[in-house]
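J.: The structure under discussion is supplied below as structure tokens; questions concerning it will follow.
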Amino acid sequence: MSKAEEIPEDIIAVIEAPNPSLEMKWNSLYGIDAYKRVVLSYMRDCLDKTKIESWCKRYYPNSNGLLTRMTNELGFSGKVALFGDSGTGKTQFAEGLADALAKTVGKVYLIKIGLLRSKYVGSSSLKVTKAFRYAKEKAKDAPVLLFIEEFDSVAPNRDNSQMHEEVKAAVNTLLEEIDSITPTDRVLVIAATNLLSQSVDYAAERRFDMAVNFKRPTFAQRIDLLTCLLKDFNISSNDIILLTKGTNGYTPADIKKAVKHALNRCLSYNRKLTVRDLIGSLKYVKPTRSYGANGHE
Ligand SMILES: Nc1ncnc2c1ncn2[C@@H]1O[C@H](COP(=O)(O)OP(=O)(O)OP(=O)(O)O)[C@@H](O)[C@H]1O
Ligand SMILES: [Mg+2]
């Protein structure tokens, strides 16, 4: 890379995958295997067009240019939005995905960008451009998963009349940059937000060809999560069901917090963990407030 690996200031981190810490993030997300499968396979197909290519050839052998249309006009552009309440695993999912992808394509750069709204003011569109240019350069070496955290701050609704002109310009640039990226550049985009429709610019929202709703976990997902979290503590399956019933409306982060709370107690009293400790913790750890209509059971 020219200018000797100078990382633009809007880039929070550049992490090479595979990497054990990212792998652990992926493997310790429980109860959402279906999301993992769908997003991973979609992103993989976007990077490696051979699957789409052979599908086109098999079913539409006489259609010239179908592959190009599939990738340029009809989706398969490698842009996924993750939305849902705080603590539902979006960040961990996006980071872990880089490792899961690297397992099949060899090496992937996870590039995290965080162009927070406050930073826009006094900042400029140029910074946005620089961050994307950096990602495209890096992609010459290995595919890039560009992760835009807090997308609602990064691409706020431009309808807001109070918005600084400079912010509007930067949002415009961001949208143009997202648009200009194609899997041919070997740059995939993943964005995470608590609110998709309410506070993200509508033009930004439509740039993503897949939006995954990270809902609060269902009964079955909570059983999965609690079984995995408590597997070393000899908690019976009946007690897991009891706990699962008591955690309706909890996010995975809330559930983890309750388990930690109970463990802390047991450590301080120097005794083994029991289901009573866990049930007791639910009195202290309540479900995180919801941002919108992102409901649960
Ligand atoms: N499905 C899950 N299985 C296990 N742990 C989970 C799961 N989902 C979330 N967590 C845990 O919850 C915590 C918060 O996860 P994460 O930061 O990814 O949430 P988020 O959706 O990005 O939240 P925010 O919107 O506040 O950024 C982490 O400790 C993570 O390990
Ligand atoms: Mg997050």
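FYI, nothing fancy with the structure tokens labels: chains A, B, ... in order, residues from 1 per chain, ligands from 1 as they appear.
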Please return as a PyMOL selection string the residues found within 6 Å of ligand 1, counting only C-alpha atoms and all ligand atoms.

T.: chain A and resi 28-32+85-92+194+225+252-253

J.: Excluding Ala94 (chain A) and residues on its chain fewer than 2 positions from it, collect all residues at most 10 Å away from it, counting only C-alpha atoms, and give them as JSON, numbers by chain.

T.: {"A": [22, 25, 26, 36, 39, 80, 81, 82, 89, 90, 91, 92, 96, 97, 98, 99, 110, 112, 145, 146, 147, 148, 149, 189, 190, 191, 192]}

J.: How would the residues just chosen look if you wrote them out with N, CA and C atoms as a PDB file, in the first residue's frame?

T.:
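Wrote again27.pdb, looks like this:
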ATOM      1  N   LEU A  22     -11.259 -13.634  16.912  1.00  0.00           N
ATOM      2  CA  LEU A  22     -12.480 -13.497  16.107  1.00  0.00           C
ATOM      3  C   LEU A  22     -13.201 -14.843  16.002  1.00  0.00           C
ATOM      4  N   LYS A  25     -15.294 -15.336  18.876  1.00  0.00           N
ATOM      5  CA  LYS A  25     -16.512 -14.517  18.836  1.00  0.00           C
ATOM      6  C   LYS A  25     -17.599 -15.234  18.051  1.00  0.00           C
ATOM      7  N   TRP A  26     -17.204 -15.816  16.950  1.00  0.00           N
ATOM      8  CA  TRP A  26     -18.168 -16.516  16.094  1.00  0.00           C
ATOM      9  C   TRP A  26     -18.715 -17.749  16.809  1.00  0.00           C
ATOM     10  N   LYS A  36     -26.172 -17.291  10.989  1.00  0.00           N
ATOM     11  CA  LYS A  36     -24.769 -17.499  10.612  1.00  0.00           C
ATOM     12  C   LYS A  36     -24.691 -18.138   9.236  1.00  0.00           C
ATOM     13  N   VAL A  39     -26.017 -15.627   6.264  1.00  0.00           N
ATOM     14  CA  VAL A  39     -25.154 -14.482   5.948  1.00  0.00           C
ATOM     15  C   VAL A  39     -23.793 -14.955   5.428  1.00  0.00           C
ATOM     16  N   VAL A  80     -24.692  -6.097   3.733  1.00  0.00           N
ATOM     17  CA  VAL A  80     -25.665  -6.627   4.685  1.00  0.00           C
ATOM     18  C   VAL A  80     -25.822  -5.657   5.855  1.00  0.00           C
ATOM     19  N   ALA A  81     -27.081  -5.419   6.241  1.00  0.00           N
ATOM     20  CA  ALA A  81     -27.324  -4.581   7.421  1.00  0.00           C
ATOM     21  C   ALA A  81     -27.831  -5.467   8.551  1.00  0.00           C
ATOM     22  N   LEU A  82     -27.305  -5.241   9.751  1.00  0.00           N
ATOM     23  CA  LEU A  82     -27.770  -5.974  10.924  1.00  0.00           C
ATOM     24  C   LEU A  82     -28.484  -4.966  11.811  1.00  0.00           C
ATOM     25  N   GLY A  89     -26.135  -9.042  19.796  1.00  0.00           N
ATOM     26  CA  GLY A  89     -25.025  -9.765  19.176  1.00  0.00           C
ATOM     27  C   GLY A  89     -24.571  -9.273  17.816  1.00  0.00           C
ATOM     28  N   LYS A  90     -24.996  -8.084  17.418  1.00  0.00           N
ATOM     29  CA  LYS A  90     -24.666  -7.601  16.062  1.00  0.00           C
ATOM     30  C   LYS A  90     -23.164  -7.406  15.865  1.00  0.00           C
ATOM     31  N   THR A  91     -22.549  -6.737  16.825  1.00  0.00           N
ATOM     32  CA  THR A  91     -21.111  -6.460  16.679  1.00  0.00           C
ATOM     33  C   THR A  91     -20.314  -7.758  16.687  1.00  0.00           C
ATOM     34  N   GLN A  92     -20.652  -8.610  17.631  1.00  0.00           N
ATOM     35  CA  GLN A  92     -19.914  -9.870  17.727  1.00  0.00           C
ATOM     36  C   GLN A  92     -20.104 -10.695  16.450  1.00  0.00           C
ATOM     37  N   GLY A  96     -17.083 -11.780  14.071  1.00  0.00           N
ATOM     38  CA  GLY A  96     -16.865 -13.219  13.911  1.00  0.00           C
ATOM     39  C   GLY A  96     -16.992 -13.649  12.458  1.00  0.00           C
ATOM     40  N   LEU A  97     -17.850 -12.959  11.738  1.00  0.00           N
ATOM     41  CA  LEU A  97     -18.057 -13.296  10.323  1.00  0.00           C
ATOM     42  C   LEU A  97     -16.755 -13.202   9.519  1.00  0.00           C
ATOM     43  N   ALA A  98     -15.927 -12.227   9.893  1.00  0.00           N
ATOM     44  CA  ALA A  98     -14.656 -12.064   9.182  1.00  0.00           C
ATOM     45  C   ALA A  98     -13.845 -13.343   9.291  1.00  0.00           C
ATOM     46  N   ASP A  99     -13.854 -13.942  10.474  1.00  0.00           N
ATOM     47  CA  ASP A  99     -13.090 -15.170  10.663  1.00  0.00           C
ATOM     48  C   ASP A  99     -13.723 -16.329   9.900  1.00  0.00           C
ATOM     49  N   LEU A 110     -10.657  -7.450   8.416  1.00  0.00           N
ATOM     50  CA  LEU A 110     -11.830  -6.824   9.017  1.00  0.00           C
ATOM     51  C   LEU A 110     -11.450  -5.371   9.250  1.00  0.00           C
ATOM     52  N   LYS A 112     -12.845  -1.866  10.586  1.00  0.00           N
ATOM     53  CA  LYS A 112     -13.968  -1.252  11.306  1.00  0.00           C
ATOM     54  C   LYS A 112     -13.915   0.251  11.116  1.00  0.00           C
ATOM     55  N   LEU A 145     -13.741  -7.110   4.798  1.00  0.00           N
ATOM     56  CA  LEU A 145     -15.087  -6.982   5.348  1.00  0.00           C
ATOM     57  C   LEU A 145     -15.105  -5.630   6.052  1.00  0.00           C
ATOM     58  N   LEU A 146     -15.797  -4.692   5.439  1.00  0.00           N
ATOM     59  CA  LEU A 146     -15.834  -3.339   5.977  1.00  0.00           C
ATOM     60  C   LEU A 146     -17.018  -3.241   6.930  1.00  0.00           C
ATOM     61  N   PHE A 147     -16.726  -3.031   8.188  1.00  0.00           N
ATOM     62  CA  PHE A 147     -17.784  -3.050   9.202  1.00  0.00           C
ATOM     63  C   PHE A 147     -18.070  -1.628   9.677  1.00  0.00           C
ATOM     64  N   ILE A 148     -19.297  -1.176   9.405  1.00  0.00           N
ATOM     65  CA  ILE A 148     -19.692   0.165   9.841  1.00  0.00           C
ATOM     66  C   ILE A 148     -20.570   0.024  11.076  1.00  0.00           C
ATOM     67  N   GLU A 149     -19.998   0.347  12.208  1.00  0.00           N
ATOM     68  CA  GLU A 149     -20.695   0.260  13.504  1.00  0.00           C
ATOM     69  C   GLU A 149     -21.587   1.479  13.657  1.00  0.00           C
ATOM     70  N   VAL A 189     -19.580  -5.166   2.643  1.00  0.00           N
ATOM     71  CA  VAL A 189     -19.936  -4.159   3.643  1.00  0.00           C
ATOM     72  C   VAL A 189     -20.955  -4.747   4.616  1.00  0.00           C
ATOM     73  N   ILE A 190     -20.695  -4.545   5.895  1.00  0.00           N
ATOM     74  CA  ILE A 190     -21.679  -4.963   6.899  1.00  0.00           C
ATOM     75  C   ILE A 190     -21.882  -3.787   7.846  1.00  0.00           C
ATOM     76  N   ALA A 191     -23.150  -3.436   8.078  1.00  0.00           N
ATOM     77  CA  ALA A 191     -23.433  -2.273   8.924  1.00  0.00           C
ATOM     78  C   ALA A 191     -24.338  -2.708  10.057  1.00  0.00           C
ATOM     79  N   ALA A 192     -24.117  -2.158  11.244  1.00  0.00           N
ATOM     80  CA  ALA A 192     -24.957  -2.517  12.388  1.00  0.00           C
ATOM     81  C   ALA A 192     -25.621  -1.279  12.961  1.00  0.00           C
TER      82      ALA A 192
END

J.: For Asn264 (chain A), list every protein, DNA or RNA residue within 12 Å, evaluated using only C-alpha atoms, and leave out those in the same chain fewer than 6 positions away; present the list as a PyMOL selection string.

T.: chain A and resi 257-258+270-273+277-278+281

J.: Using Å and a single decimal, report how far CA of Ala131 (chain A) sits from CA of Lys103 (chain A).

T.: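 These atoms are spaced 25.5 Å apart.
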
J.: Which of these, A:Phe93, A:Tyr250, A:Tyr284, A:Phe219, has the shortest distance to ligand 2 once you count only C-alpha atoms and all ligand atoms?

T.: A:Phe93

J.: Need to verify the contact set: Leu230 (chain A), 9 Å, only C-alpha atoms, exclusion of same-chain residues closer than 5 positions in sequence. Can you return it as a PyMOL selection string?

T.: chain A and resi 225+235+240+259

J.: With N, CA and C atoms retained, write the just-selected residues as an mmCIF file, in the first residue's frame.

T.:
data_model
loop_
_atom_site.group_PDB
_atom_site.id
_atom_site.type_symbol
_atom_site.label_atom_id
_atom_site.label_comp_id
_atom_site.auth_asym_id
_atom_site.auth_seq_id
_atom_site.Cartn_x
_atom_site.Cartn_y
_atom_site.Cartn_z
ATOM 1 N N LEU A 225 -28.848 -20.922 24.351
ATOM 2 C CA LEU A 225 -27.886 -19.992 24.957
ATOM 3 C C LEU A 225 -27.561 -20.412 26.391
ATOM 4 N N ILE A 235 -26.128 -27.825 35.848
ATOM 5 C CA ILE A 235 -27.507 -27.343 36.031
ATOM 6 C C ILE A 235 -28.392 -28.287 35.203
ATOM 7 N N ILE A 240 -32.817 -25.558 33.492
ATOM 8 C CA ILE A 240 -32.555 -24.674 32.340
ATOM 9 C C ILE A 240 -33.899 -24.182 31.787
ATOM 10 N N VAL A 259 -26.091 -14.362 34.504
ATOM 11 C CA VAL A 259 -25.237 -15.506 34.855
ATOM 12 C C VAL A 259 -23.993 -14.998 35.599
#

J.: From region 104-273 of chain A, collect each residue whose DSSP state is strand (DSSP E) and return the set as JSON, numbers by chain.

T.: {"A": [108, 109, 110, 111, 112, 113, 144, 145, 146, 147, 148, 187, 188, 189, 190, 191, 192, 193, 210, 211, 212, 213, 214]}

J.: Store the residues of this selection in a file with N, CA and C atoms, as a tab-separated table (two decimals), in the first residue's frame.

T.:
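This is the output file part_0.tsv:
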chain	number	residue	atom	x	y	z
A	108	VAL	N	-8.76	-12.56	5.29
A	108	VAL	CA	-9.73	-11.46	5.18
A	108	VAL	C	-9.28	-10.34	6.11
A	109	TYR	N	-9.44	-9.11	5.66
A	109	TYR	CA	-9.21	-7.98	6.57
A	109	TYR	C	-10.55	-7.50	7.10
A	110	LEU	N	-10.66	-7.45	8.42
A	110	LEU	CA	-11.83	-6.82	9.02
A	110	LEU	C	-11.45	-5.37	9.25
A	111	ILE	N	-12.14	-4.47	8.56
A	111	ILE	CA	-11.83	-3.04	8.74
A	111	ILE	C	-13.05	-2.38	9.39
A	112	LYS	N	-12.85	-1.87	10.59
A	112	LYS	CA	-13.97	-1.25	11.31
A	112	LYS	C	-13.91	0.25	11.12
A	113	ILE	N	-15.01	0.79	10.61
A	113	ILE	CA	-15.01	2.25	10.52
A	113	ILE	C	-16.11	2.82	11.41
A	144	VAL	N	-11.86	-7.73	1.89
A	144	VAL	CA	-12.09	-6.88	3.05
A	144	VAL	C	-13.55	-6.98	3.49
A	145	LEU	N	-13.74	-7.11	4.80
A	145	LEU	CA	-15.09	-6.98	5.35
A	145	LEU	C	-15.11	-5.63	6.05
A	146	LEU	N	-15.80	-4.69	5.44
A	146	LEU	CA	-15.83	-3.34	5.98
A	146	LEU	C	-17.02	-3.24	6.93
A	147	PHE	N	-16.73	-3.03	8.19
A	147	PHE	CA	-17.78	-3.05	9.20
A	147	PHE	C	-18.07	-1.63	9.68
A	148	ILE	N	-19.30	-1.18	9.40
A	148	ILE	CA	-19.69	0.16	9.84
A	148	ILE	C	-20.57	0.02	11.08
A	187	VAL	N	-14.55	-6.01	-1.67
A	187	VAL	CA	-14.91	-5.36	-0.41
A	187	VAL	C	-16.37	-5.66	-0.12
A	188	LEU	N	-16.62	-6.29	1.02
A	188	LEU	CA	-17.98	-6.56	1.47
A	188	LEU	C	-18.31	-5.54	2.55
A	189	VAL	N	-19.58	-5.17	2.64
A	189	VAL	CA	-19.94	-4.16	3.64
A	189	VAL	C	-20.96	-4.75	4.62
A	190	ILE	N	-20.69	-4.54	5.90
A	190	ILE	CA	-21.68	-4.96	6.90
A	190	ILE	C	-21.88	-3.79	7.85
A	191	ALA	N	-23.15	-3.44	8.08
A	191	ALA	CA	-23.43	-2.27	8.92
A	191	ALA	C	-24.34	-2.71	10.06
A	192	ALA	N	-24.12	-2.16	11.24
A	192	ALA	CA	-24.96	-2.52	12.39
A	192	ALA	C	-25.62	-1.28	12.96
A	193	THR	N	-26.88	-1.43	13.33
A	193	THR	CA	-27.61	-0.30	13.89
A	193	THR	C	-28.70	-0.80	14.84
A	210	MET	N	-29.42	-7.22	1.96
A	210	MET	CA	-29.93	-8.14	2.97
A	210	MET	C	-29.95	-7.40	4.31
A	211	ALA	N	-31.07	-7.50	5.00
A	211	ALA	CA	-31.15	-6.88	6.33
A	211	ALA	C	-31.56	-7.97	7.31
A	212	VAL	N	-30.74	-8.15	8.32
A	212	VAL	CA	-31.01	-9.23	9.28
A	212	VAL	C	-31.47	-8.62	10.59
A	213	ASN	N	-32.63	-9.05	11.03
A	213	ASN	CA	-33.21	-8.52	12.25
A	213	ASN	C	-32.78	-9.37	13.45
A	214	PHE	N	-31.94	-8.78	14.28
A	214	PHE	CA	-31.50	-9.48	15.49
A	214	PHE	C	-32.55	-9.26	16.58

J.: Could you name the residues that touch Ile181 (chain A) at 12 Å or less, counting only C-alpha atoms, but leaving out those on the same chain fewer than 5 positions away, as a PyMOL selection string?

T.: chain A and resi 71-72+76-79+129+132-133+135-136+139+144-146+174-176+186-189+207-208

J.: Export, as a CSV table (one decimal), in the first residue's frame, the selected residues with C-alpha atoms.

T.:
chain,number,residue,atom,x,y,z
A,71,THR,CA,-24.2,-8.9,-9.3
A,72,ASN,CA,-24.7,-5.3,-10.4
A,76,PHE,CA,-25.3,-10.1,-4.6
A,77,SER,CA,-23.4,-6.9,-4.0
A,78,GLY,CA,-22.1,-8.1,-0.6
A,79,LYS,CA,-23.9,-5.5,1.6
A,129,THR,CA,-13.5,8.9,0.9
A,132,PHE,CA,-13.1,3.7,1.6
A,133,ARG,CA,-10.0,4.2,-0.6
A,135,ALA,CA,-10.3,-0.4,2.2
A,136,LYS,CA,-10.1,-0.8,-1.6
A,139,ALA,CA,-8.5,-5.5,-0.8
A,144,VAL,CA,-12.1,-6.9,3.1
A,145,LEU,CA,-15.1,-7.0,5.3
A,146,LEU,CA,-15.8,-3.3,6.0
A,174,LEU,CA,-20.8,7.8,2.4
A,175,LEU,CA,-23.7,6.7,0.3
A,176,GLU,CA,-21.8,7.2,-2.9
A,186,ARG,CA,-13.4,-7.7,-3.0
A,187,VAL,CA,-14.9,-5.4,-0.4
A,188,LEU,CA,-18.0,-6.6,1.5
A,189,VAL,CA,-19.9,-4.2,3.6
A,207,ARG,CA,-28.2,0.2,-0.4
A,208,PHE,CA,-28.2,-3.1,1.6

J.: In terms of the shortest atom-to-atom distance over only C-alpha atoms, which of A:Ile178, A:Val38, A:Cys46, A:Leu242 is closest to Leu74 (chain A)?

T.: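 Closest residue, counting only C-alpha atoms: A:Cys46.
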
J.: So, counting only C-alpha atoms and all ligand atoms, which residue among A:Glu177, A:Glu95, A:Glu150, A:Asp141 is closest to ligand 2?

T.: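 Nearest to ligand 2: A:Glu150.
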
J.: Using only C-alpha atoms and all ligand atoms for the distances, tell me which of A:Gly75, A:Gly114, A:Pro18, A:Pro8 is nearest to ligand 2.

T.: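 Ranking A:Gly75, A:Gly114, A:Pro18, A:Pro8 by distance to ligand 2, first place goes to A:Gly114.
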
J.: Can you tell me, as a PyMOL selection string, which residues in region 130-289 of chain A count as alpha helix (DSSP H) by DSSP?

T.: chain A and resi 130-138+151-154+165-180+202-205+219-229+237-246+252-269+275-284

J.: Please report the interatomic distance between CA of Phe151 (chain A) and CA of Lys168 (chain A) in Å with one decimal.

T.: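 Here the two named atoms are 14.5 Å from each other.
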
J.: Neighbours of Lys49 (chain A) within 9 Å (only C-alpha atoms; same-chain residues fewer than 3 positions away dropped), as an MDAnalysis selection string?

T.: chainID A and resid 44:46 52:54 67 71 183

J.: Limited to N, CA and C atoms, could you put the picked residues into a file as a PDB file, in the first residue's frame?

T.:
ATOM      1  N   ARG A  44     -20.073 -15.315   1.069  1.00  0.00           N
ATOM      2  CA  ARG A  44     -19.125 -16.176   0.360  1.00  0.00           C
ATOM      3  C   ARG A  44     -19.446 -16.185  -1.135  1.00  0.00           C
ATOM      4  N   ASP A  45     -20.720 -16.309  -1.447  1.00  0.00           N
ATOM      5  CA  ASP A  45     -21.133 -16.313  -2.857  1.00  0.00           C
ATOM      6  C   ASP A  45     -20.815 -14.980  -3.531  1.00  0.00           C
ATOM      7  N   CYS A  46     -20.937 -13.897  -2.772  1.00  0.00           N
ATOM      8  CA  CYS A  46     -20.644 -12.580  -3.356  1.00  0.00           C
ATOM      9  C   CYS A  46     -19.165 -12.465  -3.702  1.00  0.00           C
ATOM     10  N   ILE A  52     -22.615 -18.630  -8.452  1.00  0.00           N
ATOM     11  CA  ILE A  52     -23.654 -17.909  -9.195  1.00  0.00           C
ATOM     12  C   ILE A  52     -23.462 -18.162 -10.700  1.00  0.00           C
ATOM     13  N   GLU A  53     -22.188 -18.152 -11.097  1.00  0.00           N
ATOM     14  CA  GLU A  53     -21.868 -18.350 -12.513  1.00  0.00           C
ATOM     15  C   GLU A  53     -22.369 -19.715 -13.018  1.00  0.00           C
ATOM     16  N   SER A  54     -22.107 -20.755 -12.232  1.00  0.00           N
ATOM     17  CA  SER A  54     -22.519 -22.075 -12.726  1.00  0.00           C
ATOM     18  C   SER A  54     -24.039 -22.229 -12.664  1.00  0.00           C
ATOM     19  N   LEU A  67     -24.940 -12.892 -15.390  1.00  0.00           N
ATOM     20  CA  LEU A  67     -24.066 -12.841 -14.212  1.00  0.00           C
ATOM     21  C   LEU A  67     -23.821 -11.385 -13.784  1.00  0.00           C
ATOM     22  N   THR A  71     -25.038  -9.539 -10.278  1.00  0.00           N
ATOM     23  CA  THR A  71     -24.153  -8.913  -9.288  1.00  0.00           C
ATOM     24  C   THR A  71     -24.319  -7.390  -9.237  1.00  0.00           C
ATOM     25  N   PRO A 183     -18.516  -6.411  -5.281  1.00  0.00           N
ATOM     26  CA  PRO A 183     -17.687  -7.544  -4.864  1.00  0.00           C
ATOM     27  C   PRO A 183     -16.451  -7.708  -5.738  1.00  0.00           C
TER      28      PRO A 183
END

J.: Nearest to ligand 2: which of A:Leu101, A:Tyr35, A:Lys140, A:Asp152 is it, counting only C-alpha atoms and all ligand atoms?

T.: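 For ligand 2, the nearest of the candidates is A:Asp152.
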
J.: Which one of A:Ala17, A:Ile11, A:Ala155, A:Leu195 sits closest to ligand 2 if you count only C-alpha atoms and all ligand atoms?

T.: A:Leu195
